[in-house]
file coords-v2.cif (mmCIF, C-alpha atoms)
data_model
#
loop_
_atom_site.label_atom_id
_atom_site.label_comp_id
_atom_site.auth_asym_id
_atom_site.auth_seq_id
_atom_site.Cartn_x
_atom_site.Cartn_y
_atom_site.Cartn_z
CA MET A 4 143.00 -41.78 95.50
CA LYS A 5 142.82 -44.48 92.84
CA THR A 6 146.28 -43.63 91.54
CA TRP A 7 147.76 -44.30 94.99
CA LYS A 8 146.21 -47.76 95.03
CA TRP A 9 147.60 -48.56 91.60
CA ALA A 10 151.03 -47.22 92.53
CA ILE A 11 151.12 -49.30 95.72
CA LEU A 12 149.93 -52.38 93.81
CA PHE A 13 152.60 -51.83 91.14
CA LEU A 14 155.36 -51.44 93.73
CA LEU A 15 154.17 -54.52 95.60
CA ILE A 16 154.20 -56.61 92.42
CA LEU A 17 157.61 -55.23 91.49
CA VAL A 18 159.09 -56.13 94.86
CA MET A 19 157.49 -59.58 94.91
CA THR A 20 158.84 -60.44 91.45
CA THR A 21 162.38 -59.16 91.94
CA ILE A 22 163.13 -60.79 95.30
CA PRO A 23 162.92 -64.40 94.00
CA PHE A 24 164.73 -63.36 90.81
CA ALA A 25 167.92 -62.52 92.69
CA GLU A 26 167.96 -65.99 94.23
CA ALA A 27 167.31 -67.64 90.86
CA ILE A 28 170.25 -65.85 89.25
CA SER A 29 172.57 -67.09 91.96
CA GLN A 30 171.68 -70.68 91.13
CA CYS A 31 172.72 -70.46 87.47
CA PRO A 32 176.50 -70.47 88.07
CA MET A 33 176.14 -73.37 90.47
CA CYS A 34 174.31 -75.45 87.88
CA ARG A 35 176.78 -74.48 85.17
CA MET A 36 179.78 -75.43 87.32
CA ALA A 37 178.19 -78.74 88.27
CA ALA A 38 177.47 -79.56 84.62
CA GLU A 39 180.99 -78.57 83.51
CA SER A 40 182.54 -80.63 86.28
CA ASN A 41 180.44 -83.62 85.33
CA LEU A 42 181.39 -83.33 81.65
CA GLU A 43 185.10 -83.06 82.53
CA HIS A 44 184.89 -86.32 84.45
CA GLY A 45 183.18 -88.17 81.59
CA GLY A 46 179.55 -87.72 82.64
CA THR A 47 176.63 -86.95 80.35
CA GLU A 48 174.36 -84.91 82.63
CA GLY A 49 175.54 -81.63 81.07
CA LYS A 50 174.34 -82.72 77.63
CA GLY A 51 170.99 -83.63 79.12
CA LEU A 52 170.79 -80.24 80.79
CA ASN A 53 171.35 -78.49 77.46
CA THR A 54 168.72 -80.66 75.77
CA GLY A 55 166.23 -79.86 78.52
CA ILE A 56 166.86 -76.13 78.11
CA LEU A 57 166.26 -76.36 74.35
CA TYR A 58 163.10 -78.40 74.96
CA MET A 59 161.71 -75.81 77.37
CA LEU A 60 162.64 -73.02 74.96
CA SER A 61 160.78 -74.62 72.05
CA LEU A 62 157.47 -75.19 73.86
CA PRO A 63 156.25 -71.55 73.88
CA TYR A 64 156.99 -71.24 70.16
CA LEU A 65 155.10 -74.44 69.40
CA LEU A 66 152.16 -73.23 71.48
CA VAL A 67 152.01 -69.91 69.62
CA LEU A 68 152.33 -71.72 66.29
CA THR A 69 149.46 -74.08 67.18
CA ILE A 70 147.21 -71.22 68.26
CA GLY A 71 148.07 -69.34 65.06
CA ILE A 72 147.21 -72.33 62.86
CA ILE A 73 143.90 -72.86 64.65
CA TRP A 74 143.07 -69.16 64.35
CA TYR A 75 143.94 -69.14 60.62
CA ARG A 76 141.79 -72.20 59.88
CA ASN A 77 138.82 -70.81 61.80
CA ARG A 78 139.14 -67.46 60.03
CA LYS A 79 139.32 -69.16 56.65
CA LEU A 80 136.25 -71.28 57.43
CA SER A 81 134.25 -68.27 58.60
CA GLN A 82 135.11 -66.41 55.38
CA LEU A 83 133.91 -69.38 53.31
CA GLU A 84 130.65 -69.51 55.28
CA GLU A 85 130.00 -65.80 54.65
CA GLN A 86 130.20 -66.24 50.87
#

call {"tool": "encode", "arguments": {"input": "coords-v2.cif", "output": "C-alpha cells"}}
result
Amino acid sequence: MKTWKWAILFLLILVMTTIPFAEAISQCPMCRMAAESNLEHGGTEGKGLNTGILYMLSLPYLLVLTIGIIWYRNRKLSQLEEQ
C-alpha cells in the first residue's frame, strides 16, 4: 500500500513540475526576439539581459564556494582543537 502512495506522489510532482515548464520554454524565443530586435535598432537592453543571465548563473557557484570555504575552515579548526 505504501508503494502506491509514493507512486501517486511521484506522478503528482512530475505533472506539477512539467506543466509550468512547457509555458516557460515558450517564453524564451519571445525574449530572444525582443532582445535581438532591440539591439538591431540601437538599444542596449539585450546586453543587459545577457549580463543578468551571467549574474544569475554565477550566484549558485559563489554560494557553494562560500559554504565550502566555511566548511574547510571549521574542519581545520576542529582538527587543531583535537591535537

call {"tool": "atom_distance", "arguments": {"input": "coords-v2.cif", "atom1": "atom CA of Ala37 of chain A", "atom2": "atom CA of Leu57 of chain A"}}
result
18.5 Å

call {"tool": "atom_distance", "arguments": {"input": "coords-v2.cif", "atom1": "atom CA of Arg76 of chain A", "atom2": "atom CA of Leu62 of chain A"}}
result
21.2 Å

call {"tool": "axis_aligned_box", "arguments": {"input": "coords-v2.cif", "around": "segment 12-15 of chain A", "padding_each_side": "4 Å", "output": "lines of an AutoDock Vina configuration file"}}
result
center_x = 152.6
center_y = -53.0
center_z = 93.4
size_x = 13.4
size_y = 11.1
size_z = 12.5

call {"tool": "atom_distance", "arguments": {"input": "coords-v2.cif", "atom1": "atom CA of Met33 of chain A", "atom2": "atom CA of Leu52 of chain A"}}
result
13.0 Å
